[in-house]
$ cat protein05.cif   # mmCIF, C-alpha atoms
data_input
#
loop_
_atom_site.label_atom_id
_atom_site.label_comp_id
_atom_site.auth_asym_id
_atom_site.auth_seq_id
_atom_site.Cartn_x
_atom_site.Cartn_y
_atom_site.Cartn_z
CA MET A 9 73.13 180.29 -9.20
CA ASN A 10 74.86 178.35 -6.67
CA PRO A 11 75.92 181.19 -4.48
CA SER A 12 79.27 179.80 -3.60
CA ARG A 13 81.40 182.68 -2.53
CA SER A 14 80.26 183.40 -5.69
CA HIS A 15 76.83 184.21 -6.03
CA GLY A 16 78.68 185.78 -7.73
CA ARG A 17 80.91 182.87 -7.49
CA GLN A 18 78.72 180.29 -9.13
CA SER A 19 81.07 180.53 -12.07
CA SER A 20 84.49 179.06 -11.46
CA ALA A 21 85.95 182.19 -12.95
CA LYS A 22 84.27 184.96 -10.94
CA ARG A 23 87.51 186.75 -10.43
CA GLU A 24 88.87 186.25 -13.87
CA ARG A 25 85.41 186.26 -15.38
CA ASP A 26 84.43 187.34 -14.33
CA ASP A 27 68.46 202.01 -12.74
CA SER A 28 65.97 203.92 -13.76
CA GLU A 29 62.51 202.97 -15.01
CA GLY A 30 61.92 203.33 -18.71
CA SER A 31 58.80 202.93 -20.77
CA HIS A 32 57.15 199.63 -21.64
CA HIS A 33 57.82 198.68 -25.25
CA GLY A 34 55.34 195.94 -25.93
CA HIS A 35 57.61 193.02 -25.14
CA LYS A 36 54.79 190.88 -23.76
CA SER A 37 54.30 189.41 -27.20
CA PHE A 38 56.85 187.28 -29.04
CA LYS A 39 58.00 187.96 -32.56
CA PRO A 40 56.83 184.97 -34.68
CA ASN A 41 60.27 184.56 -36.26
CA HIS A 42 62.10 183.86 -33.00
CA TYR A 43 59.53 181.99 -30.93
CA HIS A 44 58.02 178.85 -32.35
CA GLN A 45 56.60 175.39 -31.66
CA HIS A 46 58.63 172.32 -32.49
CA GLN A 47 59.39 168.79 -31.30
CA SER A 48 62.45 168.45 -29.11
CA VAL A 49 64.31 165.42 -27.80
CA SER A 50 65.71 165.90 -24.30
CA HIS A 51 69.48 165.69 -23.96
CA HIS A 52 68.92 163.47 -20.92
CA GLY A 53 67.26 160.40 -22.37
CA GLN A 54 63.66 161.46 -21.81
CA ASN A 55 60.94 160.83 -24.36
CA THR A 56 60.37 163.34 -27.11
CA VAL A 57 58.12 166.10 -25.84
CA GLY A 58 56.19 168.86 -27.49
CA SER A 59 58.29 171.97 -26.93
CA GLN A 60 58.69 175.63 -27.67
CA SER A 61 62.07 177.13 -28.39
CA LEU A 62 63.57 180.59 -28.22
CA CYS A 63 66.06 181.87 -30.76
CA THR A 64 69.06 183.71 -29.30
CA ARG A 65 70.08 185.75 -32.35
CA ARG A 66 70.94 189.15 -30.94
CA GLU A 67 69.35 191.23 -33.71
CA LEU A 68 65.92 189.94 -32.62
CA TYR A 69 66.28 191.69 -29.27
CA ASP A 70 67.62 195.03 -30.47
CA ARG A 71 64.50 197.03 -29.69
CA GLY A 72 63.38 199.49 -27.00
CA PHE A 73 64.81 198.99 -23.52
CA PRO A 74 62.25 197.19 -21.32
CA VAL A 75 60.98 198.54 -18.02
CA TYR A 76 63.41 197.62 -15.25
CA LYS A 77 62.40 199.07 -11.91
CA GLN A 78 65.04 200.30 -9.48
CA PRO A 79 65.92 197.23 -7.38
CA VAL A 80 64.92 197.45 -3.72
CA GLU A 81 66.81 195.55 -1.04
CA VAL A 82 64.26 193.60 1.03
CA GLY A 83 66.82 191.77 3.17
CA CYS A 84 70.21 190.15 3.38
CA PHE A 85 71.94 187.11 4.86
CA SER A 86 75.38 185.81 5.73
CA LEU A 87 77.19 182.51 5.36
CA ASP A 88 79.97 181.82 7.87
CA SER A 89 83.26 179.96 7.51
CA HIS A 90 81.34 176.64 7.59
CA ARG A 91 78.60 177.81 5.13
CA ARG A 92 76.09 178.15 7.97
CA PHE A 93 73.20 180.52 7.24
CA PHE A 94 72.53 183.63 9.36
CA ASN A 95 69.63 185.99 8.71
CA ASP A 96 71.78 189.10 9.22
CA SER A 97 74.68 191.15 7.84
CA ARG A 98 77.53 189.80 10.01
CA GLN A 99 79.68 189.01 6.95
CA LEU A 100 79.32 192.45 5.35
CA ARG A 101 82.70 194.11 4.84
CA PHE A 102 83.70 197.73 4.23
CA TYR A 103 85.63 199.03 1.23
CA VAL A 104 88.94 200.76 1.93
CA GLU A 105 90.21 202.58 -1.16
CA PRO A 106 93.74 201.52 -2.13
CA ASP A 107 96.45 203.59 -3.81
CA ARG A 108 96.10 203.81 -7.58
CA SER A 109 99.26 201.68 -7.95
CA PRO A 110 99.21 199.51 -4.84
CA ASN A 111 101.53 196.65 -5.89
CA PHE A 112 99.40 194.09 -4.04
CA ASN A 113 100.88 190.59 -4.30
CA LEU A 114 97.85 188.42 -5.07
CA ARG A 115 99.86 185.18 -4.76
CA ASP A 116 100.55 185.79 -1.08
CA GLY A 117 98.89 183.18 1.15
CA TYR A 118 97.76 180.82 -1.62
CA LYS A 119 99.84 177.91 -0.30
CA ASP A 120 99.37 178.41 3.45
CA ARG A 121 96.42 180.76 4.25
CA PHE A 122 93.62 179.62 1.92
CA LEU A 123 90.48 177.65 2.82
CA LYS A 124 88.62 176.92 -0.41
CA ARG A 125 84.93 176.13 -0.56
CA ASP A 126 84.10 172.75 -2.07
CA ASP A 127 82.47 173.85 -5.31
CA GLY A 128 81.51 170.24 -6.04
CA VAL A 129 78.78 170.62 -3.38
CA LYS A 130 75.68 171.92 -5.13
CA GLU A 131 73.69 174.19 -2.81
CA ARG A 132 71.04 175.04 -5.40
CA LEU A 133 68.61 177.66 -4.04
CA ASP A 134 68.83 176.42 -0.46
CA HIS A 135 70.33 179.51 1.21
CA LEU A 136 67.89 181.85 -0.54
CA LEU A 137 65.00 179.55 0.44
CA ARG A 138 66.18 179.72 4.07
CA TRP A 139 65.99 183.49 3.82
CA ILE A 140 62.45 183.27 2.39
CA LYS A 141 61.41 180.92 5.21
CA ALA A 142 62.77 183.34 7.83
CA ASN A 143 61.18 186.40 6.19
CA ARG A 144 57.74 185.26 5.02
CA SER A 145 56.01 187.92 7.11
CA LYS A 146 58.20 190.66 5.62
CA LEU A 147 57.33 189.51 2.10
CA SER A 148 53.62 189.14 2.94
CA SER A 149 53.47 192.72 4.21
CA ARG A 150 54.53 193.91 0.73
CA LEU A 151 51.75 191.99 -1.05
CA PRO A 152 48.87 193.79 -2.74
CA ALA A 153 45.51 192.81 -1.31
CA ASP A 154 44.48 190.95 -4.48
CA SER A 155 47.71 188.95 -4.86
CA SER A 156 47.18 185.33 -5.86
CA ARG A 157 50.82 184.35 -5.20
CA ASP A 158 52.22 183.12 -1.91
CA LEU A 159 55.26 185.36 -2.18
CA GLY A 160 53.88 188.09 -4.43
CA VAL A 161 56.63 187.53 -7.00
CA ASP A 162 56.79 185.61 -10.27
CA PHE A 163 60.40 184.39 -10.09
CA VAL A 164 62.85 183.41 -7.35
CA THR A 165 66.47 182.79 -8.34
CA TRP A 166 70.13 183.73 -7.89
CA ARG A 167 71.49 186.85 -9.55
CA GLY A 168 74.12 184.70 -11.27
CA HIS A 169 71.45 182.76 -13.17
CA LEU A 170 69.96 186.01 -14.46
CA THR A 171 73.46 187.20 -15.41
CA LYS A 172 73.84 184.12 -17.61
CA LEU A 173 70.55 184.95 -19.31
CA LEU A 174 71.56 188.57 -19.93
CA THR A 175 74.83 187.53 -21.57
CA THR A 176 73.42 184.62 -23.62
CA PRO A 177 72.97 186.52 -26.93
CA TYR A 178 76.73 187.24 -26.88
CA GLU A 179 78.03 184.00 -25.39
CA THR A 180 80.02 181.81 -27.79
CA LYS A 181 81.63 179.17 -25.55
CA GLU A 182 79.56 178.05 -22.56
CA GLY A 183 76.02 176.69 -22.64
CA TRP A 184 73.71 176.35 -19.64
CA LEU A 185 70.97 174.24 -18.04
CA LEU A 186 68.32 175.95 -15.94
CA ALA A 187 65.83 173.91 -13.93
CA VAL A 188 62.45 175.58 -13.34
CA THR A 189 59.75 174.48 -10.89
CA ARG A 190 56.44 176.27 -10.52
CA PHE A 191 55.28 176.04 -6.89
CA ARG A 192 52.36 177.93 -5.38
CA GLY A 193 52.26 180.40 -8.25
CA THR A 194 55.97 181.27 -8.25
CA TRP A 195 58.61 179.99 -10.67
CA TYR A 196 61.88 178.96 -9.00
CA ILE A 197 64.96 178.85 -11.25
CA SER A 198 68.04 176.82 -10.26
CA GLU A 199 71.10 176.08 -12.37
CA VAL A 200 72.19 172.53 -13.23
CA GLU A 201 75.87 172.01 -13.95
CA THR A 202 76.46 171.04 -17.58
CA GLU A 203 78.75 168.17 -18.44
CA ALA A 204 81.19 170.63 -20.00
CA ALA A 205 81.26 172.78 -16.86
CA GLN A 206 81.81 169.68 -14.72
CA ARG A 207 84.74 168.63 -16.91
CA GLU A 208 86.22 172.11 -16.65
CA ARG A 209 85.84 172.09 -12.85
CA MET A 210 87.40 168.65 -12.48
CA ASN A 211 90.35 169.40 -14.78
CA ARG A 212 91.48 172.88 -13.79
CA THR A 213 95.20 173.48 -13.95
CA GLU A 214 97.10 174.60 -10.86
CA ARG A 215 97.61 177.96 -12.56
CA HIS A 216 93.85 178.35 -13.06
CA GLU A 217 93.16 177.44 -9.40
CA GLU A 218 95.70 180.02 -8.23
CA MET A 219 94.31 182.72 -10.52
CA MET A 220 90.85 182.14 -9.05
CA TYR A 221 92.38 182.76 -5.62
CA TRP A 222 93.78 186.09 -6.78
CA GLY A 223 90.30 187.64 -6.90
CA TYR A 224 89.57 186.71 -3.29
CA LYS A 225 93.01 187.98 -2.26
CA PHE A 226 92.28 191.36 -3.87
CA GLU A 227 89.15 191.56 -1.71
CA GLN A 228 91.27 190.90 1.38
CA TYR A 229 93.59 193.79 0.49
CA THR A 230 90.67 196.21 0.02
CA CYS A 231 88.05 195.20 2.62
CA ALA A 232 87.87 195.78 6.38
CA ASP A 233 85.67 193.91 8.85
CA ASN A 234 84.18 197.11 10.27
CA LEU A 235 84.15 200.87 9.77
CA HIS A 236 86.94 201.47 12.26
CA SER A 237 89.46 198.87 11.10
CA LEU A 238 91.83 198.39 8.17
CA PRO A 239 92.22 195.42 5.79
CA ASP A 240 94.23 192.50 7.17
CA SER A 241 96.14 191.01 4.27
CA GLY A 242 97.92 188.57 6.59
CA GLY A 243 94.75 186.68 7.51
CA VAL A 244 93.23 183.52 6.04
CA VAL A 245 91.22 183.74 2.81
CA ASN A 246 88.13 181.56 3.41
CA THR A 247 85.82 181.36 0.38
CA ASN A 248 83.04 179.73 2.40
CA GLU A 249 82.19 183.12 3.88
CA ALA A 250 79.69 185.31 2.06
CA PHE A 251 77.35 188.26 2.46
CA CYS A 252 74.31 188.27 0.14
CA THR A 253 71.76 190.93 -0.64
CA VAL A 254 68.14 190.00 -1.46
CA VAL A 255 66.43 192.38 -3.86
CA GLN A 256 63.01 192.75 -5.40
CA THR A 257 62.38 194.40 -8.75
CA ARG A 258 60.34 194.10 -11.94
CA LEU A 259 61.44 193.46 -15.53
CA ALA A 260 58.50 194.35 -17.79
CA ASP A 261 55.64 192.32 -16.26
CA HIS A 262 57.95 189.85 -14.46
CA ARG A 263 58.22 190.42 -10.71
CA LEU A 264 61.62 189.19 -9.51
CA LEU A 265 63.07 188.24 -6.13
CA PHE A 266 66.73 187.31 -6.33
CA SER A 267 69.86 187.20 -4.26
CA GLY A 268 73.49 187.84 -5.06
CA GLU A 269 76.74 187.97 -3.17
CA VAL A 270 78.10 191.43 -2.37
CA ASP A 271 81.82 192.00 -1.89
CA CYS A 272 81.60 195.07 0.34
CA ARG A 273 79.91 198.39 0.97
CA ASP A 274 81.13 201.98 0.83
CA GLY A 275 82.50 202.93 4.24
CA ASP A 276 81.42 206.58 3.92
CA PRO A 277 78.68 207.31 6.52
CA LYS A 278 77.05 209.58 3.89
CA ALA A 279 76.79 206.72 1.37
CA PRO A 280 73.26 206.00 0.10
CA PRO A 281 71.27 203.03 1.47
CA PRO A 282 71.66 199.56 -0.07
CA PRO A 283 72.02 198.47 -2.78
CA ALA A 284 73.45 201.82 -3.97
CA CYS A 285 76.23 201.72 -1.36
CA TYR A 286 77.56 198.32 -2.47
CA VAL A 287 80.84 197.88 -4.34
CA GLU A 288 81.83 195.00 -6.61
CA LEU A 289 85.53 194.06 -6.68
CA LYS A 290 87.25 192.48 -9.68
CA THR A 291 90.70 191.59 -10.95
CA SER A 292 91.77 191.54 -14.58
CA ALA A 293 94.97 191.30 -16.59
CA GLU A 294 96.60 194.68 -17.20
CA ILE A 295 95.78 196.20 -20.58
CA CYS A 296 98.86 196.84 -22.73
CA THR A 297 97.58 196.88 -26.33
CA PRO A 298 94.55 198.22 -28.24
CA LYS A 299 93.47 194.64 -28.96
CA GLN A 300 93.50 193.81 -25.24
CA ARG A 301 91.45 196.93 -24.50
CA SER A 302 88.94 196.00 -27.19
CA ASN A 303 88.59 192.47 -25.77
CA PHE A 304 88.18 193.90 -22.28
CA HIS A 305 85.33 196.13 -23.48
CA ARG A 306 83.65 193.41 -25.54
CA PHE A 307 83.81 190.47 -23.14
CA LYS A 308 84.75 191.32 -19.59
CA LEU A 309 82.78 194.56 -19.27
CA LEU A 310 79.66 192.76 -20.51
CA LYS A 311 79.76 190.34 -17.57
CA TRP A 312 80.71 193.04 -15.10
CA TRP A 313 77.87 195.27 -16.28
CA ALA A 314 75.24 192.50 -16.22
CA GLN A 315 76.23 191.24 -12.79
CA SER A 316 76.06 194.68 -11.13
CA PHE A 317 73.23 196.27 -13.12
CA LEU A 318 70.77 193.57 -12.04
CA PRO A 319 70.88 194.26 -8.26
CA GLY A 320 71.57 197.98 -8.64
CA VAL A 321 75.22 197.96 -7.55
CA PRO A 322 76.59 201.24 -8.96
CA ARG A 323 80.32 200.62 -9.32
CA VAL A 324 83.02 198.06 -9.93
CA VAL A 325 86.54 198.57 -8.59
CA ALA A 326 89.04 196.66 -10.73
CA GLY A 327 92.58 195.70 -9.83
CA PHE A 328 94.66 195.27 -12.98
CA ARG A 329 97.44 192.76 -12.43
CA ASP A 330 100.53 191.61 -14.26
CA GLN A 331 101.32 187.99 -15.17
CA ASP A 332 102.96 187.46 -11.78
CA GLY A 333 99.77 188.38 -9.90
CA VAL A 334 100.86 191.85 -8.77
CA VAL A 335 98.20 194.60 -8.90
CA VAL A 336 99.80 197.44 -10.84
CA SER A 337 96.77 199.76 -11.08
CA VAL A 338 93.24 200.19 -9.72
CA GLU A 339 90.35 201.72 -11.66
CA THR A 340 86.69 202.38 -10.83
CA PHE A 341 83.97 201.70 -13.41
CA LEU A 342 80.55 203.27 -12.93
CA ILE A 343 77.88 200.87 -14.18
CA SER A 344 75.83 203.78 -15.55
CA LYS A 345 78.80 204.86 -17.72
CA ILE A 346 79.86 201.48 -19.15
CA SER A 347 77.59 201.75 -22.19
CA GLN A 348 79.40 205.02 -23.05
CA LEU A 349 82.78 203.29 -22.72
CA ILE A 350 81.92 200.64 -25.29
CA LYS A 351 79.98 202.75 -27.80
CA ASN A 352 82.94 203.10 -30.18
CA GLU A 353 83.62 199.36 -30.33
CA TYR A 354 82.48 197.88 -33.66
CA ASN A 355 79.51 195.49 -33.33
CA CYS A 356 79.77 195.49 -29.55
CA TRP A 357 77.21 194.24 -27.03
CA LYS A 358 74.11 196.26 -26.20
CA PRO A 359 72.37 196.43 -22.81
CA THR A 360 68.95 196.51 -24.49
CA VAL A 361 69.63 193.16 -26.25
CA CYS A 362 70.62 191.58 -22.94
CA MET A 363 67.54 192.78 -21.08
CA ASN A 364 65.07 191.98 -23.86
CA PHE A 365 66.40 188.44 -24.22
CA CYS A 366 66.09 187.86 -20.46
CA CYS A 367 62.57 189.28 -20.54
CA ASP A 368 61.53 187.00 -23.42
CA PHE A 369 63.07 183.97 -21.76
CA LEU A 370 61.04 184.62 -18.58
CA SER A 371 57.92 184.97 -20.73
CA LEU A 372 58.75 181.60 -22.34
CA VAL A 373 59.04 180.04 -18.88
CA LYS A 374 55.64 181.40 -17.86
CA ARG A 375 54.11 180.11 -21.07
CA VAL A 376 55.42 176.54 -20.91
CA ALA A 377 56.04 175.79 -17.19
CA THR A 378 52.38 175.62 -16.30
CA GLU A 379 52.10 172.62 -13.96
CA ASP A 380 52.24 173.80 -10.36
CA SER A 381 54.09 171.05 -8.48
CA HIS A 382 57.27 170.92 -6.39
CA SER A 383 58.20 167.59 -8.01
CA VAL A 384 57.98 168.73 -11.65
CA VAL A 385 61.04 170.31 -13.29
CA TYR A 386 61.09 172.02 -16.66
CA LEU A 387 64.74 171.78 -17.75
CA PHE A 388 65.72 174.60 -20.14
CA SER A 389 68.82 173.92 -22.19
CA TRP A 390 70.98 176.13 -24.35
CA GLU A 391 74.22 175.75 -26.29
CA PRO A 392 75.93 178.53 -28.29
CA ARG A 393 74.48 179.06 -31.78
CA ARG A 394 71.42 176.97 -30.87
CA ASP A 395 67.87 177.75 -29.73
CA VAL A 396 66.75 177.46 -26.11
CA THR A 397 64.73 174.23 -25.72
CA TYR A 398 63.25 172.40 -22.75
CA SER A 399 62.21 168.99 -21.44
CA VAL A 400 59.92 167.94 -18.58
CA HIS A 401 61.00 165.73 -15.66
CA ARG A 402 58.87 164.34 -12.81
CA ASP A 403 60.29 163.13 -9.50
CA SER A 404 63.74 163.18 -11.09
CA GLN A 405 67.32 163.96 -10.16
CA TYR A 406 66.62 167.54 -11.23
CA SER A 407 64.07 168.25 -8.46
CA PHE A 408 65.58 170.95 -6.27
CA LEU A 409 63.00 172.36 -3.83
CA PRO A 410 63.88 170.76 -0.45
CA HIS A 411 61.20 168.97 1.60
CA TRP A 412 61.57 171.39 4.51
CA PHE A 413 60.75 174.33 2.24
CA VAL A 414 57.77 172.62 0.59
CA GLU A 415 56.41 171.63 4.02
CA GLU A 416 56.92 175.12 5.45
CA MET A 417 55.14 176.81 2.55
CA THR A 418 52.29 174.30 2.63
CA LYS A 419 51.93 174.52 6.40
CA THR A 420 51.88 178.31 6.31
CA GLU A 421 49.27 178.28 3.56
CA ASP A 422 47.10 175.77 5.44
CA SER A 423 47.27 177.87 8.63
CA HIS A 424 46.16 180.94 6.65
CA GLN A 425 43.12 179.03 5.36
CA SER A 426 42.04 177.57 8.72
#
$ encode --input "protein05.cif" --output "structure tokens"
Amino acid sequence: MNPSRSHGRQSSAKRERDDSEGSHHGHKSFKPNHYHQHQSVSHHGQNTVGSQSLCTRRELYDRGFPVYKQPVEVGCFSLDSHRRFFNDSRQLRFYVEPDRSPNFNLRDGYKDRFLKRDDGVKERLDHLLRWIKANRSKLSSRLPADSSRDLGVDFVTWRGHLTKLLTTPYETKEGWLLAVTRFRGTWYISEVETEAAQRERMNRTERHEEMMYWGYKFEQYTCADNLHSLPDSGGVVNTNEAFCTVVQTRLADHRLLFSGEVDCRDGDPKAPPPPACYVELKTSAEICTPKQRSNFHRFKLLKWWAQSFLPGVPRVVAGFRDQDGVVVSVETFLISKISQLIKNEYNCWKPTVCMNFCCDFLSLVKRVATEDSHSVVYLFSWEPRRDVTYSVHRDSQYSFLPHWFVEEMTKTEDSHQS
């Protein structure tokens, strides 16, 4: 998940795109009919390699909901107007509730007050790795005495990458590439832009570019810089700026550390601690027909649910806009109630399918990405209606752990041993 003002915003369409613990249901083992050995040729000109694939047919994952522990915020960081990293919450903004029919003009400022991040620059995991470097001692203090892992977690990634995994069984248009490196006992997962996504990014229409801006503009109308101020809709929208939460949780037997961008927090002093005080902001086309409502439930709510459920963000505030970019209504969606909203939709998505597929994918990664080396990348590839496959790359263009991080982790380990 490139975090662009996305981490969230790793998808070009964030704004138009877009927990309680249960019982363990035996999802450590794979069903033989959806997990199998085969030979796979890499899409990137590598030699044929022995591989294992994972079927994405949704009925295979419609079983008991896996354990997902309540996410705990272990830290946060900010990116300023020049994408500089700060190990603090200086970019956190505060939600100011608008009128139910606010008539916000989302087109305002697009031509003259908009500084857009260069989404052709691929930041990979770098900002999250900077946070890890700055907070090693905090992570170490959480380790059990018998931990064999440097960080005490199995996986490090962006929330957006996990969101893509959750929605995979229902995705029909966009494939993905996920690079995985095992380093000092932890698997790092970083997205690689597909050729199709690159084409889409390079060939966006002016209308598409402006509609992406509308989501950021909605944030400007509804967020204040501090508790004692009001939103300033006359300012510059700068999509380089970001505030990111870092959370730790567990999905079945997979210990996760991931980061995601947060739009704002509840300004009420009585609000619960993070991440339960965070609010996700969205825009969407106004719903005028039953067919539009059905599509909203089936497609948009899936991505909204997945993105906020993962880090434990409890609500999404949506601005519904007309074709001219004017917000005509605002509605709040509680993440815990979304499954009730969609239950009457025929053959609709199921949270349990999403979580079980993600869980099985992480188990696949553990099973096949066994070589512990910062220079080895296992590249997992998926296209709609196909199985997940992978290829192995050494010292390649796909390597993504920066030298400064590798050196820091090695140095710290060596100092512990001496």
$ resolve_selection --input "protein05.cif" --expression "the PyMOL selection byres ((chain A and resi 111-117) around 12)" --output "tab-separated table (two decimals) with C-alpha atoms, keeping the file's coordinate frame"
chain	number	residue	atom	x	y	z
A	23	ARG	CA	87.51	186.75	-10.43
A	106	PRO	CA	93.74	201.52	-2.13
A	107	ASP	CA	96.45	203.59	-3.81
A	108	ARG	CA	96.10	203.81	-7.58
A	109	SER	CA	99.26	201.68	-7.95
A	110	PRO	CA	99.21	199.51	-4.84
A	118	TYR	CA	97.76	180.82	-1.62
A	119	LYS	CA	99.84	177.91	-0.30
A	120	ASP	CA	99.37	178.41	3.45
A	121	ARG	CA	96.42	180.76	4.25
A	122	PHE	CA	93.62	179.62	1.92
A	123	LEU	CA	90.48	177.65	2.82
A	215	ARG	CA	97.61	177.96	-12.56
A	217	GLU	CA	93.16	177.44	-9.40
A	218	GLU	CA	95.70	180.02	-8.23
A	219	MET	CA	94.31	182.72	-10.52
A	220	MET	CA	90.85	182.14	-9.05
A	221	TYR	CA	92.38	182.76	-5.62
A	222	TRP	CA	93.78	186.09	-6.78
A	223	GLY	CA	90.30	187.64	-6.90
A	224	TYR	CA	89.57	186.71	-3.29
A	225	LYS	CA	93.01	187.98	-2.26
A	226	PHE	CA	92.28	191.36	-3.87
A	227	GLU	CA	89.15	191.56	-1.71
A	228	GLN	CA	91.27	190.90	1.38
A	229	TYR	CA	93.59	193.79	0.49
A	230	THR	CA	90.67	196.21	0.02
A	241	SER	CA	96.14	191.01	4.27
A	242	GLY	CA	97.92	188.57	6.59
A	243	GLY	CA	94.75	186.68	7.51
A	244	VAL	CA	93.23	183.52	6.04
A	245	VAL	CA	91.22	183.74	2.81
A	246	ASN	CA	88.13	181.56	3.41
A	291	THR	CA	90.70	191.59	-10.95
A	292	SER	CA	91.77	191.54	-14.58
A	327	GLY	CA	92.58	195.70	-9.83
A	328	PHE	CA	94.66	195.27	-12.98
A	329	ARG	CA	97.44	192.76	-12.43
A	330	ASP	CA	100.53	191.61	-14.26
A	331	GLN	CA	101.32	187.99	-15.17
A	332	ASP	CA	102.96	187.46	-11.78
A	333	GLY	CA	99.77	188.38	-9.90
A	334	VAL	CA	100.86	191.85	-8.77
A	335	VAL	CA	98.20	194.60	-8.90
A	336	VAL	CA	99.80	197.44	-10.84
A	337	SER	CA	96.77	199.76	-11.08
A	338	VAL	CA	93.24	200.19	-9.72
$ atom_distance --input "protein05.cif" --atom1 "atom CA of A:Ser381" --atom2 "atom CA of A:Phe365"
26.5 Å
$ resolve_selection --input "protein05.cif" --expression "the PyMOL selection byres ((chain A and resi 94) around 12)" --output "list in words"
Gly83, Cys84, Phe85, Ser86, Leu87, Asp88, Ser89, His90, Arg91, Arg92, Phe93, Asn95, Asp96, Ser97, Arg98, Gln99, Leu100, His135, Leu136, Arg138, Trp139, Ala142, Glu249, Ala250, Phe251 and Cys252 of chain A
$ write_last_selection --input "protein05.cif" --atoms "C-alpha atoms" --output "tab-separated table (two decimals), in the frame of the given file"
chain	number	residue	atom	x	y	z
A	83	GLY	CA	66.82	191.77	3.17
A	84	CYS	CA	70.21	190.15	3.38
A	85	PHE	CA	71.94	187.11	4.86
A	86	SER	CA	75.38	185.81	5.73
A	87	LEU	CA	77.19	182.51	5.36
A	88	ASP	CA	79.97	181.82	7.87
A	89	SER	CA	83.26	179.96	7.51
A	90	HIS	CA	81.34	176.64	7.59
A	91	ARG	CA	78.60	177.81	5.13
A	92	ARG	CA	76.09	178.15	7.97
A	93	PHE	CA	73.20	180.52	7.24
A	95	ASN	CA	69.63	185.99	8.71
A	96	ASP	CA	71.78	189.10	9.22
A	97	SER	CA	74.68	191.15	7.84
A	98	ARG	CA	77.53	189.80	10.01
A	99	GLN	CA	79.68	189.01	6.95
A	100	LEU	CA	79.32	192.45	5.35
A	135	HIS	CA	70.33	179.51	1.21
A	136	LEU	CA	67.89	181.85	-0.54
A	138	ARG	CA	66.18	179.72	4.07
A	139	TRP	CA	65.99	183.49	3.82
A	142	ALA	CA	62.77	183.34	7.83
A	249	GLU	CA	82.19	183.12	3.88
A	250	ALA	CA	79.69	185.31	2.06
A	251	PHE	CA	77.35	188.26	2.46
A	252	CYS	CA	74.31	188.27	0.14
$ closest_residue --input "protein05.cif" --among "A:Val129, A:Leu68, A:Cys296, A:Val104" --to "A:Asn248" --atoms "only C-alpha atoms"
A:Val129
$ atom_distance --input "protein05.cif" --atom1 "atom CA of A:Ile197" --atom2 "atom CA of A:Ser316"
19.3 Å
$ closest_residue --input "protein05.cif" --among "A:Val164, A:Met417, A:Val200, A:Leu318" --to "A:Leu259" --atoms "only C-alpha atoms"
A:Leu318
$ residues_near_point --input "protein05.cif" --point "(67.5, 195.6, -1.9)" --cutoff "7 Å" --atoms "all atoms listed in the file" --output "list in words"
Pro79, Val80, Glu81, Val82, Gly83, Thr253, Val254, Val255, Gln256, Pro282 and Pro283 of chain A
$ write_last_selection --input "protein05.cif" --atoms "C-alpha atoms" --output "PDB file, in the frame of the given file"
ATOM      1  CA  PRO A  79      65.920 197.230  -7.380  1.00  0.00           C
ATOM      2  CA  VAL A  80      64.920 197.450  -3.720  1.00  0.00           C
ATOM      3  CA  GLU A  81      66.810 195.550  -1.040  1.00  0.00           C
ATOM      4  CA  VAL A  82      64.260 193.600   1.030  1.00  0.00           C
ATOM      5  CA  GLY A  83      66.820 191.770   3.170  1.00  0.00           C
ATOM      6  CA  THR A 253      71.760 190.930  -0.640  1.00  0.00           C
ATOM      7  CA  VAL A 254      68.140 190.000  -1.460  1.00  0.00           C
ATOM      8  CA  VAL A 255      66.430 192.380  -3.860  1.00  0.00           C
ATOM      9  CA  GLN A 256      63.010 192.750  -5.400  1.00  0.00           C
ATOM     10  CA  PRO A 282      71.660 199.560  -0.070  1.00  0.00           C
ATOM     11  CA  PRO A 283      72.020 198.470  -2.780  1.00  0.00           C
TER      12      PRO A 283
END
$ resolve_selection --input "protein05.cif" --expression "the PyMOL selection byres ((chain A and resi 167-175) around 6)" --output "list in words"
Met9, His15, Gly16, Trp166, Thr176, Pro177, Tyr178, Phe266, Ser267, Gly268, Ala314, Gln315, Cys362, Met363 and Cys366 of chain A
$ write_last_selection --input "protein05.cif" --atoms "C-alpha atoms" --output "PDB file, in the frame of the given file"
ATOM      1  CA  MET A   9      73.130 180.290  -9.200  1.00  0.00           C
ATOM      2  CA  HIS A  15      76.830 184.210  -6.030  1.00  0.00           C
ATOM      3  CA  GLY A  16      78.680 185.780  -7.730  1.00  0.00           C
ATOM      4  CA  TRP A 166      70.130 183.730  -7.890  1.00  0.00           C
ATOM      5  CA  THR A 176      73.420 184.620 -23.620  1.00  0.00           C
ATOM      6  CA  PRO A 177      72.970 186.520 -26.930  1.00  0.00           C
ATOM      7  CA  TYR A 178      76.730 187.240 -26.880  1.00  0.00           C
ATOM      8  CA  PHE A 266      66.730 187.310  -6.330  1.00  0.00           C
ATOM      9  CA  SER A 267      69.860 187.200  -4.260  1.00  0.00           C
ATOM     10  CA  GLY A 268      73.490 187.840  -5.060  1.00  0.00           C
ATOM     11  CA  ALA A 314      75.240 192.500 -16.220  1.00  0.00           C
ATOM     12  CA  GLN A 315      76.230 191.240 -12.790  1.00  0.00           C
ATOM     13  CA  CYS A 362      70.620 191.580 -22.940  1.00  0.00           C
ATOM     14  CA  MET A 363      67.540 192.780 -21.080  1.00  0.00           C
ATOM     15  CA  CYS A 366      66.090 187.860 -20.460  1.00  0.00           C
TER      16      CYS A 366
END
$ residues_around --input "protein05.cif" --residues "stretch 284-290 of chain A" --least-positions-apart "6" --cutoff "8 Å" --atoms "all atoms listed in the file" --output "number ranges by chain"
A: 23-24, 26, 103, 223, 226-227, 270-274, 316, 320-327
